[in-house]
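Okay, protein_15.csv now, which holds CSV, C-alpha atoms:
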```csv
chain,number,residue,atom,x,y,z
A,174,MET,CA,214.4,159.5,-130.9
A,175,THR,CA,214.0,157.4,-127.8
A,176,GLU,CA,216.9,155.8,-126.1
A,177,PRO,CA,217.2,152.0,-126.1
A,178,ALA,CA,215.7,150.3,-123.1
A,179,ARG,CA,218.2,149.4,-120.4
A,180,PRO,CA,217.9,145.8,-119.1
A,181,LEU,CA,216.7,145.2,-115.5
A,182,GLY,CA,220.3,144.1,-114.6
A,183,ALA,CA,221.6,147.5,-115.5
A,184,ASP,CA,219.7,149.1,-112.6
A,185,LEU,CA,221.2,146.5,-110.2
A,186,ALA,CA,224.6,147.1,-111.7
A,187,ARG,CA,224.3,150.9,-111.3
A,188,ILE,CA,223.2,150.4,-107.6
A,189,ALA,CA,226.2,148.1,-107.0
A,190,VAL,CA,228.6,150.5,-108.6
A,191,PHE,CA,227.5,153.3,-106.3
A,192,ALA,CA,227.6,151.0,-103.3
A,193,ALA,CA,231.2,150.2,-104.2
A,194,LEU,CA,232.0,153.8,-104.8
A,195,ILE,CA,230.7,154.7,-101.3
A,196,ILE,CA,232.9,151.9,-99.8
A,197,VAL,CA,236.0,152.9,-101.7
A,198,LEU,CA,235.6,156.5,-100.7
A,199,GLY,CA,235.7,155.3,-97.1
A,200,MET,CA,239.4,154.7,-97.6
A,201,VAL,CA,239.9,158.5,-97.5
A,202,THR,CA,239.5,159.1,-93.8
A,203,VAL,CA,240.8,161.6,-91.2
A,204,PRO,CA,240.1,160.5,-87.6
A,205,LEU,CA,238.9,163.2,-85.3
A,206,PRO,CA,238.3,163.3,-81.5
A,207,GLY,CA,234.7,162.4,-80.7
A,208,GLY,CA,234.6,159.3,-82.8
A,209,VAL,CA,233.3,160.8,-86.1
A,210,PRO,CA,236.0,160.9,-88.7
A,211,ILE,CA,236.2,163.1,-91.8
A,212,THR,CA,235.5,160.8,-94.7
A,213,ALA,CA,234.9,161.0,-98.4
A,214,GLN,CA,232.0,158.5,-98.2
A,215,THR,CA,229.5,161.4,-98.2
A,216,LEU,CA,230.7,162.3,-101.6
A,217,GLY,CA,229.6,158.9,-102.8
A,218,VAL,CA,226.3,159.3,-101.1
A,219,MET,CA,225.8,162.7,-102.8
A,220,LEU,CA,226.7,161.2,-106.2
A,221,ALA,CA,224.4,158.2,-105.7
A,222,GLY,CA,221.5,160.6,-105.0
A,223,LEU,CA,222.2,162.9,-107.9
A,224,VAL,CA,222.7,160.1,-110.5
A,225,LEU,CA,220.5,157.3,-109.3
A,226,GLY,CA,217.6,159.3,-107.9
A,227,ALA,CA,215.3,158.8,-105.0
A,228,ARG,CA,214.2,155.4,-106.0
A,229,SER,CA,217.4,153.6,-106.6
A,230,ALA,CA,220.0,155.5,-104.6
A,231,PRO,CA,218.7,154.3,-101.2
A,232,PHE,CA,219.5,150.7,-102.3
A,233,ALA,CA,223.2,151.6,-102.8
A,234,VAL,CA,223.3,153.0,-99.3
A,235,LEU,CA,221.4,150.0,-97.8
A,236,ILE,CA,223.9,147.6,-99.4
A,237,VAL,CA,226.8,149.5,-97.7
A,238,LEU,CA,224.9,149.5,-94.4
A,239,ALA,CA,224.0,145.8,-94.7
A,240,LEU,CA,227.6,144.9,-95.4
A,241,ALA,CA,228.7,146.9,-92.4
A,242,ALA,CA,226.1,145.2,-90.2
A,243,VAL,CA,227.4,141.7,-91.1
A,244,GLY,CA,230.9,142.8,-90.0
A,245,LEU,CA,232.6,143.7,-93.3
A,246,PRO,CA,235.0,146.7,-93.0
A,247,VAL,CA,233.2,148.9,-95.4
A,248,LEU,CA,232.9,152.1,-93.4
A,249,ALA,CA,235.4,154.8,-92.8
A,250,GLY,CA,238.7,153.5,-91.4
A,251,GLY,CA,237.8,149.9,-92.2
A,252,ARG,CA,235.0,149.7,-89.6
A,253,GLY,CA,232.1,147.3,-89.6
A,254,GLY,CA,229.9,145.3,-87.3
A,255,LEU,CA,226.7,146.0,-85.4
A,256,GLY,CA,228.7,148.3,-83.0
A,257,VAL,CA,228.8,151.0,-85.6
A,258,PHE,CA,225.0,151.3,-85.3
A,259,ALA,CA,225.3,152.1,-81.6
A,260,GLY,CA,228.3,154.4,-81.8
A,261,PRO,CA,228.7,158.1,-82.4
A,262,THR,CA,228.5,157.7,-86.2
A,263,ALA,CA,225.1,155.8,-86.2
A,264,GLY,CA,223.0,158.9,-86.8
A,265,TYR,CA,225.2,159.9,-89.8
A,266,LEU,CA,224.7,156.5,-91.3
A,267,ILE,CA,220.9,156.8,-90.9
A,268,GLY,CA,221.2,160.3,-92.3
A,269,TRP,CA,222.9,158.9,-95.5
A,270,LEU,CA,219.8,156.9,-96.2
A,271,VAL,CA,217.3,159.7,-95.7
A,272,GLY,CA,219.7,162.2,-97.3
A,273,VAL,CA,220.2,160.2,-100.5
A,274,ILE,CA,216.4,160.2,-100.9
A,275,VAL,CA,216.2,163.9,-100.4
A,276,ILE,CA,219.1,164.5,-102.9
A,277,GLY,CA,217.3,162.4,-105.5
A,278,LEU,CA,214.0,164.2,-105.0
A,279,LEU,CA,215.5,167.7,-105.1
A,280,ALA,CA,217.7,166.9,-108.1
A,281,GLY,CA,214.7,166.0,-110.2
A,282,ASN,CA,214.8,164.6,-113.7
A,283,ARG,CA,217.9,163.7,-115.6
A,284,ARG,CA,218.4,167.1,-117.3
A,285,THR,CA,218.9,169.2,-114.2
A,286,ALA,CA,220.5,172.7,-113.8
A,287,TRP,CA,223.7,173.0,-111.9
A,288,TRP,CA,222.2,175.0,-109.1
A,289,ARG,CA,219.5,172.4,-108.5
A,290,LEU,CA,222.2,169.7,-108.2
A,291,ALA,CA,224.2,171.9,-105.8
A,292,VAL,CA,221.1,172.6,-103.7
A,293,ALA,CA,220.3,168.9,-103.6
A,294,SER,CA,223.8,168.0,-102.5
A,295,VAL,CA,223.9,170.6,-99.8
A,296,VAL,CA,220.4,170.1,-98.4
A,297,GLY,CA,220.3,166.3,-98.6
A,298,GLY,CA,224.0,165.5,-98.3
A,299,ILE,CA,224.9,167.9,-95.6
A,300,GLY,CA,221.7,169.3,-93.9
A,301,VAL,CA,219.8,166.0,-93.6
A,302,VAL,CA,222.9,164.0,-92.7
A,303,TYR,CA,223.8,166.5,-89.9
A,304,LEU,CA,220.1,166.6,-88.8
A,305,PHE,CA,220.3,162.9,-88.0
A,306,GLY,CA,224.0,162.7,-87.1
A,307,ILE,CA,224.5,165.5,-84.6
A,308,PRO,CA,221.8,164.5,-82.1
A,309,VAL,CA,222.8,160.8,-82.1
A,310,GLN,CA,226.5,161.8,-81.7
A,311,ALA,CA,225.5,164.1,-78.8
A,312,MET,CA,223.5,161.3,-77.1
A,313,VAL,CA,226.2,158.6,-77.5
A,314,THR,CA,229.1,160.8,-76.5
A,315,GLY,CA,227.2,162.5,-73.7
A,316,VAL,CA,228.2,165.9,-75.0
A,317,PRO,CA,225.5,168.6,-75.0
A,318,LEU,CA,223.7,169.1,-78.4
A,319,GLY,CA,224.9,172.7,-78.8
A,320,ALA,CA,228.5,171.7,-78.2
A,321,THR,CA,228.3,168.8,-80.6
A,322,ALA,CA,226.7,171.0,-83.3
A,323,LEU,CA,229.5,173.5,-82.8
A,324,SER,CA,232.2,170.9,-83.1
A,325,SER,CA,230.5,169.5,-86.2
A,326,LEU,CA,231.4,172.8,-88.0
A,327,ALA,CA,234.8,171.1,-88.5
A,328,PHE,CA,233.1,169.0,-91.1
A,329,LEU,CA,231.4,171.8,-93.0
A,330,PRO,CA,234.2,173.0,-95.2
A,331,GLY,CA,235.0,169.5,-96.4
A,332,ASP,CA,231.3,168.7,-96.9
A,333,LEU,CA,230.8,171.9,-99.0
A,334,LEU,CA,233.8,170.9,-101.1
A,335,LYS,CA,232.3,167.4,-101.5
A,336,ALA,CA,229.0,169.0,-102.6
A,337,THR,CA,230.9,171.1,-105.1
A,338,VAL,CA,232.7,168.1,-106.5
A,339,ALA,CA,229.5,166.0,-106.6
A,340,THR,CA,227.8,168.8,-108.5
A,341,ALA,CA,230.7,169.1,-111.0
A,342,LEU,CA,230.9,165.3,-111.5
A,343,ALA,CA,227.2,165.0,-112.0
A,344,LEU,CA,227.1,167.8,-114.5
A,345,ALA,CA,230.0,166.3,-116.4
A,346,LEU,CA,228.3,162.9,-116.4
A,347,GLN,CA,225.0,164.5,-117.4
A,348,ARG,CA,226.7,165.9,-120.5
A,349,ALA,CA,228.8,162.9,-121.4
A,350,TYR,CA,226.3,160.2,-120.7
A,351,PRO,CA,222.8,161.4,-120.1
A,352,ALA,CA,221.4,157.8,-120.1
A,353,ALA,CA,223.1,157.4,-116.7
A,354,PHE,CA,220.4,159.6,-115.2
A,355,ASP,CA,217.5,157.7,-116.6
A,356,ARG,CA,215.3,157.2,-113.6
A,357,ALA,CA,212.4,155.3,-115.1
A,358,PRO,CA,211.9,151.8,-113.7
A,359,ALA,CA,213.4,149.1,-115.9
A,360,ALA,CA,209.9,147.7,-116.6
A,361,ALA,CA,208.6,151.1,-117.8
A,362,ARG,CA,211.7,151.5,-120.1
A,363,ALA,CA,211.2,148.0,-121.6
A,364,ALA,CA,207.5,148.7,-122.4
```
Please render this file's structure as structure tokens.
Amino acid sequence: MTEPARPLGADLARIAVFAALIIVLGMVTVPLPGGVPITAQTLGVMLAGLVLGARSAPFAVLIVLALAAVGLPVLAGGRGGLGVFAGPTAGYLIGWLVGVIVIGLLAGNRRTAWWRLAVASVVGGIGVVYLFGIPVQAMVTGVPLGATALSSLAFLPGDLLKATVATALALALQRAYPAAFDRAPAAARAA
């Protein structure tokens, strides 16, 4: 039996919900020296990639970044404005966008094994985000790349915890509401 087609607005609503989730998780922030805080926003990025997939999840991140660009305080610690795209966190923000696509691609279809969700969260939500974030942070702060990478190890335990939580939440949602993982475009579902 096929599931009922979800209206086009449902895709937009899901994207908006995950954009809001990423913003709300920015309220959980621990400032660190070097200008890059510990934040729960990457948990929202991981969840968006796992649930929405590679096609829709980037739009949730783009909404957050666009709101930040126009000056709304949607990033960790209530930051916003164009300055955040020239500061030490700029690379991490770009990493969110690329990372959420990688998470969606690695997570695969809506019936995904736990280990695949975990690998997607770690590779896309940590590896890719660090790959973009660390070099930009080093460049902006003037700290050598090796030293910046070493100092970024402070984020790793929390990020691994976020990947674990994202995996567990995605698995629970997968079991409770599998339609949330429907990644077919709305037009294809309506046909």
Which protein, DNA or RNA residues are at most 9 Å from (223.7, 163.4, -94.0) in the file's coordinates when you count all atoms listed in the file, listed as an MDAnalysis selection string? chainID A and resid 215 218 264:273 296:306
Distance criterion (all atoms listed in the file): nearest to Val292 in chain A out of A:Leu194, A:Leu223, A:Leu245, A:Val313: A:Leu223
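CA of Gly250 in chain A sits 26.3 Å away from CA of Ala341 in chain A.
Considering the residues A:Arg187, A:Arg289, A:Lys335, A:Arg228 and counting all atoms listed in the file, Ala353 in chain A has its shortest atom-to-atom contact with A:Arg187.
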So what do you get for CA of Ala322 in chain A versus CA of Pro308 in chain A, distance-wise? 8.2 Å
For Ile274 in chain A, the closest of A:Leu290, A:Met219, A:Gly319, A:Val243 counting all atoms listed in the file is A:Met219
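Closest approach to Ala293 in chain A from the set A:Gly199, A:Gly217, A:Gly222, A:Pro261 is made by A:Gly222, with distances taken over all atoms listed in the file.
Computed from the coordinates, the CA of Ile211 in chain A to CA of Arg252 in chain A distance equals 13.6 Å.
Taking all atoms listed in the file, the non-local environment of Val224 in chain A within 8 Å (same-chain residues fewer than 2 positions away omitted) comprises Leu220, Ala221, Gly222, Gly226, Ala230, Gly277, Arg283, Ala343, Ala353 and Phe354 of chain A.
Counting all atoms listed in the file, the residue from A:Val295, A:Ala239, A:Gly254, A:Ser324 that sits nearest to Ala280 in chain A is A:Val295.
The residue that comes closest to Leu240 in chain A, out of A:Leu198, A:Leu278, A:Ala263, A:Ala192 and on the basis of all atoms listed in the file, is A:Ala192.
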